[in-house]
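**Student:** Contents of work_5.tsv (TSV, N, CA and C atoms) are below:
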```tsv
chain	number	residue	atom	x	y	z
A	193	MET	N	-0.43	22.45	16.99
A	193	MET	CA	-1.52	22.52	17.94
A	193	MET	C	-2.71	21.66	17.49
A	194	ARG	N	-3.05	21.74	16.21
A	194	ARG	CA	-4.20	21.00	15.70
A	194	ARG	C	-4.03	19.50	15.93
A	195	GLY	N	-2.82	18.97	15.68
A	195	GLY	CA	-2.57	17.55	15.88
A	195	GLY	C	-2.76	17.13	17.33
A	196	ARG	N	-2.31	17.96	18.25
A	196	ARG	CA	-2.44	17.66	19.68
A	196	ARG	C	-3.92	17.68	20.09
A	197	LEU	N	-4.66	18.69	19.62
A	197	LEU	CA	-6.10	18.75	19.94
A	197	LEU	C	-6.84	17.58	19.32
A	198	GLY	N	-6.47	17.22	18.10
A	198	GLY	CA	-7.10	16.08	17.44
A	198	GLY	C	-6.91	14.80	18.21
A	199	ARG	N	-5.70	14.61	18.76
A	199	ARG	CA	-5.44	13.41	19.55
A	199	ARG	C	-6.21	13.44	20.87
A	200	VAL	N	-6.29	14.61	21.52
A	200	VAL	CA	-7.00	14.74	22.78
A	200	VAL	C	-8.48	14.44	22.59
A	201	PHE	N	-9.07	15.00	21.53
A	201	PHE	CA	-10.50	14.82	21.29
A	201	PHE	C	-10.81	13.65	20.37
A	202	ARG	N	-9.79	12.89	20.01
A	202	ARG	CA	-9.92	11.71	19.14
A	202	ARG	C	-10.66	12.04	17.84
A	203	LEU	N	-10.24	13.10	17.20
A	203	LEU	CA	-10.82	13.50	15.92
A	203	LEU	C	-10.21	12.66	14.80
A	204	PRO	N	-10.95	12.42	13.74
A	204	PRO	CA	-10.37	11.70	12.60
A	204	PRO	C	-9.20	12.49	12.01
A	205	ARG	N	-8.18	11.77	11.60
A	205	ARG	CA	-7.00	12.36	10.96
A	205	ARG	C	-6.67	11.58	9.71
A	206	ILE	N	-6.07	12.25	8.76
A	206	ILE	CA	-5.58	11.55	7.57
A	206	ILE	C	-4.14	11.15	7.83
A	207	ARG	N	-3.86	9.87	7.64
A	207	ARG	CA	-2.50	9.35	7.77
A	207	ARG	C	-2.16	8.59	6.50
A	208	ALA	N	-0.91	8.60	6.14
A	208	ALA	CA	-0.42	7.87	4.98
A	208	ALA	C	0.16	6.54	5.44
A	209	VAL	N	-0.19	5.48	4.74
A	209	VAL	CA	0.29	4.14	5.06
A	209	VAL	C	0.99	3.59	3.83
A	210	ARG	N	2.22	3.12	4.01
A	210	ARG	CA	3.01	2.60	2.90
A	210	ARG	C	2.95	1.08	2.84
A	211	GLY	N	3.10	0.58	1.64
A	211	GLY	CA	3.19	-0.86	1.46
A	211	GLY	C	3.94	-1.17	0.17
A	212	ALA	N	4.53	-2.34	0.13
A	212	ALA	CA	5.24	-2.77	-1.07
A	212	ALA	C	5.29	-4.29	-1.10
A	213	THR	N	5.40	-4.81	-2.31
A	213	THR	CA	5.55	-6.24	-2.52
A	213	THR	C	6.29	-6.45	-3.83
A	214	THR	N	6.62	-7.67	-4.11
A	214	THR	CA	7.21	-8.00	-5.40
A	214	THR	C	6.26	-8.94	-6.14
A	215	VAL	N	6.41	-8.96	-7.45
A	215	VAL	CA	5.56	-9.76	-8.32
A	215	VAL	C	6.43	-10.82	-8.98
A	216	PRO	N	6.03	-12.10	-8.94
A	216	PRO	CA	6.88	-13.16	-9.50
A	216	PRO	C	7.17	-12.99	-10.99
A	217	ALA	N	6.17	-12.56	-11.76
A	217	ALA	CA	6.35	-12.38	-13.21
A	217	ALA	C	5.43	-11.25	-13.67
A	218	ASP	N	5.79	-10.63	-14.77
A	218	ASP	CA	5.00	-9.53	-15.31
A	218	ASP	C	3.80	-10.06	-16.09
A	219	THR	N	2.83	-10.56	-15.35
A	219	THR	CA	1.58	-11.02	-15.96
A	219	THR	C	0.42	-10.32	-15.24
A	220	PRO	N	-0.68	-10.10	-15.93
A	220	PRO	CA	-1.83	-9.49	-15.26
A	220	PRO	C	-2.29	-10.27	-14.03
A	221	ASP	N	-2.28	-11.59	-14.11
A	221	ASP	CA	-2.71	-12.40	-12.96
A	221	ASP	C	-1.77	-12.25	-11.77
A	222	ASP	N	-0.46	-12.25	-12.02
A	222	ASP	CA	0.50	-12.10	-10.92
A	222	ASP	C	0.41	-10.72	-10.29
A	223	ILE	N	0.22	-9.70	-11.11
A	223	ILE	CA	0.06	-8.34	-10.58
A	223	ILE	C	-1.21	-8.24	-9.76
A	224	ALA	N	-2.31	-8.79	-10.27
A	224	ALA	CA	-3.58	-8.75	-9.55
A	224	ALA	C	-3.47	-9.46	-8.19
A	225	LEU	N	-2.83	-10.61	-8.17
A	225	LEU	CA	-2.66	-11.35	-6.92
A	225	LEU	C	-1.82	-10.56	-5.93
A	226	ALA	N	-0.73	-9.96	-6.41
A	226	ALA	CA	0.14	-9.18	-5.53
A	226	ALA	C	-0.59	-7.96	-4.96
A	227	VAL	N	-1.37	-7.27	-5.80
A	227	VAL	CA	-2.12	-6.10	-5.34
A	227	VAL	C	-3.14	-6.52	-4.29
A	228	THR	N	-3.90	-7.55	-4.58
A	228	THR	CA	-4.93	-8.01	-3.65
A	228	THR	C	-4.33	-8.42	-2.31
A	229	GLU	N	-3.23	-9.16	-2.36
A	229	GLU	CA	-2.56	-9.59	-1.14
A	229	GLU	C	-2.05	-8.39	-0.34
A	230	LEU	N	-1.44	-7.43	-1.02
A	230	LEU	CA	-0.89	-6.25	-0.34
A	230	LEU	C	-2.00	-5.39	0.28
A	231	LEU	N	-3.06	-5.14	-0.46
A	231	LEU	CA	-4.14	-4.31	0.06
A	231	LEU	C	-4.83	-4.97	1.25
A	232	GLU	N	-5.01	-6.27	1.18
A	232	GLU	CA	-5.62	-6.99	2.31
A	232	GLU	C	-4.71	-6.94	3.53
A	233	ALA	N	-3.40	-7.08	3.34
A	233	ALA	CA	-2.47	-7.01	4.46
A	233	ALA	C	-2.46	-5.61	5.07
A	234	LEU	N	-2.55	-4.57	4.24
A	234	LEU	CA	-2.64	-3.20	4.76
A	234	LEU	C	-3.93	-2.99	5.54
A	235	ARG	N	-5.04	-3.49	5.00
A	235	ARG	CA	-6.33	-3.34	5.67
A	235	ARG	C	-6.33	-4.05	7.02
A	236	ARG	N	-5.86	-5.31	7.03
A	236	ARG	CA	-5.79	-6.07	8.29
A	236	ARG	C	-4.84	-5.41	9.29
A	237	GLY	N	-3.69	-4.99	8.80
A	237	GLY	CA	-2.68	-4.42	9.69
A	237	GLY	C	-3.07	-3.09	10.30
A	238	ASN	N	-4.00	-2.39	9.64
A	238	ASN	CA	-4.41	-1.07	10.12
A	238	ASN	C	-5.89	-0.99	10.47
A	239	ASN	N	-6.60	-2.09	10.29
A	239	ASN	CA	-8.00	-2.19	10.67
A	239	ASN	C	-8.85	-1.04	10.11
A	240	PHE	N	-8.69	-0.75	8.81
A	240	PHE	CA	-9.52	0.28	8.21
A	240	PHE	C	-10.54	-0.34	7.26
A	241	GLU	N	-11.58	0.44	6.99
A	241	GLU	CA	-12.62	0.05	6.05
A	241	GLU	C	-12.41	0.84	4.76
A	242	VAL	N	-12.89	0.32	3.66
A	242	VAL	CA	-12.74	0.99	2.37
A	242	VAL	C	-13.34	2.40	2.42
A	243	GLY	N	-14.40	2.60	3.16
A	243	GLY	CA	-15.02	3.91	3.27
A	243	GLY	C	-14.15	4.96	3.95
A	244	GLU	N	-13.10	4.55	4.63
A	244	GLU	CA	-12.18	5.48	5.29
A	244	GLU	C	-11.02	5.89	4.39
A	245	LEU	N	-10.94	5.30	3.20
A	245	LEU	CA	-9.84	5.61	2.29
A	245	LEU	C	-10.07	6.95	1.60
A	246	VAL	N	-9.03	7.75	1.52
A	246	VAL	CA	-9.08	9.03	0.83
A	246	VAL	C	-8.56	8.86	-0.59
A	247	SER	N	-7.42	8.18	-0.74
A	247	SER	CA	-6.83	7.94	-2.05
A	247	SER	C	-5.69	6.94	-1.92
A	248	ALA	N	-5.21	6.48	-3.08
A	248	ALA	CA	-4.06	5.57	-3.10
A	248	ALA	C	-3.24	5.85	-4.35
A	249	ILE	N	-1.94	5.82	-4.18
A	249	ILE	CA	-1.00	6.00	-5.29
A	249	ILE	C	-0.19	4.72	-5.40
A	250	PHE	N	-0.25	4.09	-6.56
A	250	PHE	CA	0.52	2.89	-6.84
A	250	PHE	C	1.70	3.26	-7.72
A	251	THR	N	2.85	2.66	-7.45
A	251	THR	CA	3.97	2.75	-8.37
A	251	THR	C	4.46	1.34	-8.68
A	252	VAL	N	5.01	1.19	-9.87
A	252	VAL	CA	5.60	-0.09	-10.27
A	252	VAL	C	6.96	0.19	-10.90
A	253	THR	N	7.85	-0.77	-10.77
A	253	THR	CA	9.14	-0.64	-11.42
A	253	THR	C	8.95	-0.79	-12.93
A	254	PRO	N	9.89	-0.28	-13.72
A	254	PRO	CA	9.72	-0.28	-15.18
A	254	PRO	C	9.55	-1.65	-15.82
A	255	ASP	N	9.86	-2.72	-15.09
A	255	ASP	CA	9.71	-4.07	-15.65
A	255	ASP	C	8.31	-4.64	-15.45
A	256	LEU	N	7.39	-3.88	-14.87
A	256	LEU	CA	5.99	-4.30	-14.72
A	256	LEU	C	5.11	-3.44	-15.62
A	257	THR	N	4.69	-4.02	-16.74
A	257	THR	CA	3.93	-3.25	-17.73
A	257	THR	C	2.65	-3.93	-18.21
A	258	SER	N	2.33	-5.10	-17.67
A	258	SER	CA	1.21	-5.87	-18.22
A	258	SER	C	-0.16	-5.50	-17.65
A	259	ALA	N	-0.20	-4.74	-16.55
A	259	ALA	CA	-1.49	-4.38	-15.95
A	259	ALA	C	-1.34	-3.17	-15.04
A	260	PHE	N	-2.43	-2.45	-14.87
A	260	PHE	CA	-2.48	-1.33	-13.92
A	260	PHE	C	-2.88	-1.86	-12.55
A	261	PRO	N	-2.10	-1.59	-11.50
A	261	PRO	CA	-2.50	-2.03	-10.16
A	261	PRO	C	-3.86	-1.47	-9.74
A	262	ALA	N	-4.20	-0.28	-10.18
A	262	ALA	CA	-5.49	0.32	-9.80
A	262	ALA	C	-6.67	-0.53	-10.26
A	263	GLU	N	-6.55	-1.18	-11.41
A	263	GLU	CA	-7.64	-2.05	-11.88
A	263	GLU	C	-7.89	-3.18	-10.89
A	264	SER	N	-6.83	-3.75	-10.36
A	264	SER	CA	-6.98	-4.83	-9.37
A	264	SER	C	-7.57	-4.29	-8.08
A	265	ALA	N	-7.18	-3.09	-7.69
A	265	ALA	CA	-7.74	-2.49	-6.48
A	265	ALA	C	-9.24	-2.26	-6.64
A	266	ARG	N	-9.65	-1.80	-7.80
A	266	ARG	CA	-11.08	-1.59	-8.04
A	266	ARG	C	-11.84	-2.92	-7.96
A	267	ARG	N	-11.27	-3.97	-8.54
A	267	ARG	CA	-11.92	-5.29	-8.48
A	267	ARG	C	-11.97	-5.82	-7.04
A	268	ALA	N	-11.06	-5.33	-6.20
A	268	ALA	CA	-11.03	-5.75	-4.79
A	268	ALA	C	-11.98	-4.93	-3.93
A	269	GLY	N	-12.76	-4.03	-4.56
A	269	GLY	CA	-13.75	-3.27	-3.80
A	269	GLY	C	-13.42	-1.81	-3.58
A	270	TRP	N	-12.35	-1.32	-4.17
A	270	TRP	CA	-11.96	0.07	-4.00
A	270	TRP	C	-12.52	0.94	-5.14
A	271	GLU	N	-13.78	0.72	-5.52
A	271	GLU	CA	-14.38	1.40	-6.68
A	271	GLU	C	-14.50	2.91	-6.50
A	272	ASP	N	-14.78	3.38	-5.30
A	272	ASP	CA	-15.02	4.81	-5.07
A	272	ASP	C	-13.81	5.55	-4.54
A	273	VAL	N	-12.65	4.92	-4.57
A	273	VAL	CA	-11.42	5.52	-4.06
A	273	VAL	C	-10.63	6.08	-5.24
A	274	PRO	N	-10.22	7.36	-5.19
A	274	PRO	CA	-9.35	7.87	-6.25
A	274	PRO	C	-8.01	7.12	-6.23
A	275	LEU	N	-7.66	6.55	-7.38
A	275	LEU	CA	-6.45	5.74	-7.50
A	275	LEU	C	-5.57	6.29	-8.62
A	276	LEU	N	-4.27	6.21	-8.44
A	276	LEU	CA	-3.32	6.70	-9.43
A	276	LEU	C	-2.19	5.69	-9.56
A	277	CYS	N	-1.78	5.42	-10.81
A	277	CYS	CA	-0.64	4.54	-11.06
A	277	CYS	C	0.48	5.36	-11.67
A	278	SER	N	1.71	5.01	-11.33
A	278	SER	CA	2.88	5.71	-11.84
A	278	SER	C	4.05	4.73	-11.92
A	279	ALA	N	5.05	5.11	-12.68
A	279	ALA	CA	6.25	4.29	-12.81
A	279	ALA	C	7.33	4.79	-11.85
A	280	GLU	N	8.04	3.87	-11.24
A	280	GLU	CA	9.19	4.21	-10.40
A	280	GLU	C	10.35	4.67	-11.28
A	281	ILE	N	11.27	5.37	-10.70
A	281	ILE	CA	12.50	5.76	-11.38
A	281	ILE	C	13.34	4.50	-11.61
A	282	ALA	N	13.90	4.37	-12.78
A	282	ALA	CA	14.70	3.18	-13.12
A	282	ALA	C	16.12	3.32	-12.56
A	283	VAL	N	16.28	3.10	-11.29
A	283	VAL	CA	17.58	3.20	-10.63
A	283	VAL	C	18.32	1.88	-10.81
A	284	PRO	N	19.55	1.92	-11.32
A	284	PRO	CA	20.30	0.68	-11.48
A	284	PRO	C	20.46	-0.08	-10.15
A	285	GLY	N	20.22	-1.37	-10.20
A	285	GLY	CA	20.37	-2.21	-9.02
A	285	GLY	C	19.17	-2.20	-8.08
A	286	SER	N	18.10	-1.51	-8.45
A	286	SER	CA	16.92	-1.48	-7.56
A	286	SER	C	16.18	-2.81	-7.61
A	287	LEU	N	15.31	-3.02	-6.65
A	287	LEU	CA	14.56	-4.26	-6.54
A	287	LEU	C	13.67	-4.45	-7.77
A	288	PRO	N	13.80	-5.57	-8.47
A	288	PRO	CA	12.98	-5.78	-9.68
A	288	PRO	C	11.54	-6.19	-9.34
A	289	ARG	N	10.67	-5.95	-10.30
A	289	ARG	CA	9.25	-6.34	-10.23
A	289	ARG	C	8.62	-5.94	-8.89
A	290	CYS	N	8.85	-4.69	-8.52
A	290	CYS	CA	8.37	-4.18	-7.23
A	290	CYS	C	7.15	-3.28	-7.44
A	291	LEU	N	6.15	-3.49	-6.64
A	291	LEU	CA	4.91	-2.74	-6.66
A	291	LEU	C	4.77	-2.06	-5.30
A	292	ARG	N	4.59	-0.75	-5.31
A	292	ARG	CA	4.45	0.01	-4.06
A	292	ARG	C	3.10	0.71	-4.04
A	293	VAL	N	2.64	1.03	-2.84
A	293	VAL	CA	1.40	1.79	-2.69
A	293	VAL	C	1.55	2.74	-1.50
A	294	LEU	N	0.96	3.92	-1.66
A	294	LEU	CA	0.84	4.89	-0.58
A	294	LEU	C	-0.65	5.15	-0.43
A	295	VAL	N	-1.22	4.73	0.68
A	295	VAL	CA	-2.66	4.81	0.93
A	295	VAL	C	-2.91	5.92	1.95
A	296	HIS	N	-3.88	6.77	1.67
A	296	HIS	CA	-4.27	7.83	2.60
A	296	HIS	C	-5.59	7.44	3.25
A	297	VAL	N	-5.59	7.38	4.58
A	297	VAL	CA	-6.73	6.89	5.34
A	297	VAL	C	-7.15	7.96	6.34
A	298	GLU	N	-8.45	8.27	6.35
A	298	GLU	CA	-8.98	9.21	7.34
A	298	GLU	C	-9.79	8.44	8.36
A	299	ARG	N	-9.34	8.51	9.61
A	299	ARG	CA	-10.00	7.78	10.70
A	299	ARG	C	-9.45	8.26	12.02
A	300	ARG	N	-9.97	7.72	13.10
A	300	ARG	CA	-9.38	7.95	14.42
A	300	ARG	C	-8.24	6.95	14.57
A	301	TRP	N	-7.06	7.44	14.85
A	301	TRP	CA	-5.89	6.57	14.96
A	301	TRP	C	-5.50	6.45	16.42
A	302	ASP	N	-5.56	5.25	16.96
A	302	ASP	CA	-5.13	5.00	18.33
A	302	ASP	C	-3.65	4.64	18.39
A	303	VAL	N	-3.14	4.13	17.28
A	303	VAL	CA	-1.73	3.76	17.17
A	303	VAL	C	-1.20	4.27	15.84
A	304	ALA	N	0.10	4.27	15.70
A	304	ALA	CA	0.72	4.69	14.44
A	304	ALA	C	0.36	3.71	13.33
A	305	PRO	N	0.30	4.19	12.09
A	305	PRO	CA	0.01	3.28	10.97
A	305	PRO	C	1.03	2.15	10.89
A	306	ALA	N	0.56	0.98	10.48
A	306	ALA	CA	1.44	-0.18	10.28
A	306	ALA	C	1.73	-0.29	8.80
A	307	HIS	N	2.95	0.00	8.42
A	307	HIS	CA	3.38	-0.12	7.03
A	307	HIS	C	3.67	-1.59	6.75
A	308	VAL	N	3.36	-2.04	5.54
A	308	VAL	CA	3.43	-3.47	5.23
A	308	VAL	C	4.36	-3.71	4.03
A	309	TYR	N	5.32	-4.59	4.23
A	309	TYR	CA	6.24	-4.98	3.16
A	309	TYR	C	6.19	-6.50	3.05
A	310	LEU	N	5.85	-6.99	1.87
A	310	LEU	CA	5.68	-8.42	1.64
A	310	LEU	C	6.74	-8.94	0.67
A	311	ARG	N	6.87	-10.26	0.66
A	311	ARG	CA	7.77	-10.97	-0.26
A	311	ARG	C	9.17	-10.34	-0.22
A	312	ASP	N	9.80	-10.16	-1.37
A	312	ASP	CA	11.17	-9.62	-1.41
A	312	ASP	C	11.23	-8.14	-1.03
A	313	ALA	N	10.09	-7.46	-1.00
A	313	ALA	CA	10.07	-6.04	-0.65
A	313	ALA	C	10.41	-5.80	0.82
A	314	VAL	N	10.42	-6.85	1.64
A	314	VAL	CA	10.85	-6.72	3.03
A	314	VAL	C	12.24	-6.10	3.08
A	315	ALA	N	13.07	-6.38	2.08
A	315	ALA	CA	14.44	-5.84	2.04
A	315	ALA	C	14.46	-4.32	1.89
A	316	LEU	N	13.37	-3.72	1.41
A	316	LEU	CA	13.33	-2.27	1.26
A	316	LEU	C	13.34	-1.56	2.60
A	317	ARG	N	12.65	-2.11	3.57
A	317	ARG	CA	12.53	-1.49	4.89
A	317	ARG	C	12.60	-2.56	5.98
A	318	PRO	N	13.75	-3.19	6.17
A	318	PRO	CA	13.84	-4.22	7.21
A	318	PRO	C	13.57	-3.67	8.60
A	319	ASP	N	13.75	-2.35	8.78
A	319	ASP	CA	13.47	-1.74	10.07
A	319	ASP	C	11.98	-1.74	10.42
A	320	LEU	N	11.12	-1.86	9.40
A	320	LEU	CA	9.67	-1.89	9.64
A	320	LEU	C	9.11	-3.30	9.64
A	321	HIS	N	9.89	-4.27	9.23
A	321	HIS	CA	9.42	-5.65	9.15
A	321	HIS	C	9.38	-6.24	10.54
A	322	ARG	N	8.21	-6.79	10.89
A	322	ARG	CA	8.02	-7.35	12.23
A	322	ARG	C	7.99	-8.87	12.22
A	323	GLY	N	8.44	-9.47	11.14
A	323	GLY	CA	8.46	-10.92	11.07
A	323	GLY	C	7.17	-11.49	10.56
A	324	GLY	N	7.19	-12.75	10.18
A	324	GLY	CA	6.00	-13.41	9.65
A	324	GLY	C	5.88	-13.17	8.17
A	325	ALA	N	5.14	-14.02	7.51
A	325	ALA	CA	5.02	-13.96	6.05
A	325	ALA	C	4.13	-12.84	5.58
A	326	ALA	N	3.22	-12.34	6.41
A	326	ALA	CA	2.23	-11.38	5.94
A	326	ALA	C	2.59	-9.94	6.22
A	327	ARG	N	3.81	-9.64	6.64
A	327	ARG	CA	4.15	-8.24	6.92
A	327	ARG	C	5.29	-7.77	6.12
```
Would it be possible to restate this file's structure as structure tokens?
**Tutor:**
Amino acid sequence: MRGRLGRVFRLPRIRAVRGATTVPADTPDDIALAVTELLEALRRGNNFEVGELVSAIFTVTPDLTSAFPAESARRAGWEDVPLLCSAEIAVPGSLPRCLRVLVHVERRWDVAPAHVYLRDAVALRPDLHRGGAAR
């Protein structure tokens, strides 16, 4: 009932938005570039402002150890957003050098969140990929 009333009265709701990308090499610069690119694509794709962010959880595959994605997010302007980094489960055959994020955004949503998969991470969810280099 609450969700239906929220939509009728256009109340702010918290929605989770997923994103993933791959990193060319395990270097702090490559991780920072991948994080910045992914966060900007999520922001553009969902038209949110940093002030609407509730939190973000980053995960990286075990082969990415040179930098924390949260540090790059803070440098990108997410200073007041609670951020958490974690390691993915080391599943044999999984996509290497993969960085994922789950962002929680509180706002009025007119459309469903646009999840963003970049670079080789498009293979993780081809059903959500809408074409073009930035999605």
**Student:** Nearest residue to A:Ile206 out of A:Leu310, A:Val246, A:Val283, A:Leu256, using all atoms listed in the file?
**Tutor:**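 The closest residue to A:Ile206 is A:Val246.
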**Student:** So which one's closest to A:Leu275, A:Thr213, A:Val297, A:Leu287, A:Ile249? Using only N, CA and C atoms, please.
**Tutor:** A:Ile249
**Student:** Which distance in Å separates atom C of A:Ser278 and atom N of A:Pro216, to one decimal?
**Tutor:**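 Computing it gives 17.2 Å between the two atoms.
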**Student:** Find the distance between atom N of A:Val295 and atom CA of A:Arg202 and write it in Å to one decimal.
**Tutor:**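 Between atom N of A:Val295 and atom CA of A:Arg202 the gap works out to 21.6 Å.
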**Student:** My list of candidates is A:Ala315, A:Arg289, A:Arg207, A:Ala224. Which is closest to A:Phe260 when distances are computed with all atoms listed in the file?
**Tutor:**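 Looking at the shortest contact to A:Phe260, the residue is A:Ala224.
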**Student:** Please, what distance in Å, to one decimal, runs between atom C of A:Ala265 and atom C of A:Arg311?
**Tutor:** 21.1 Å
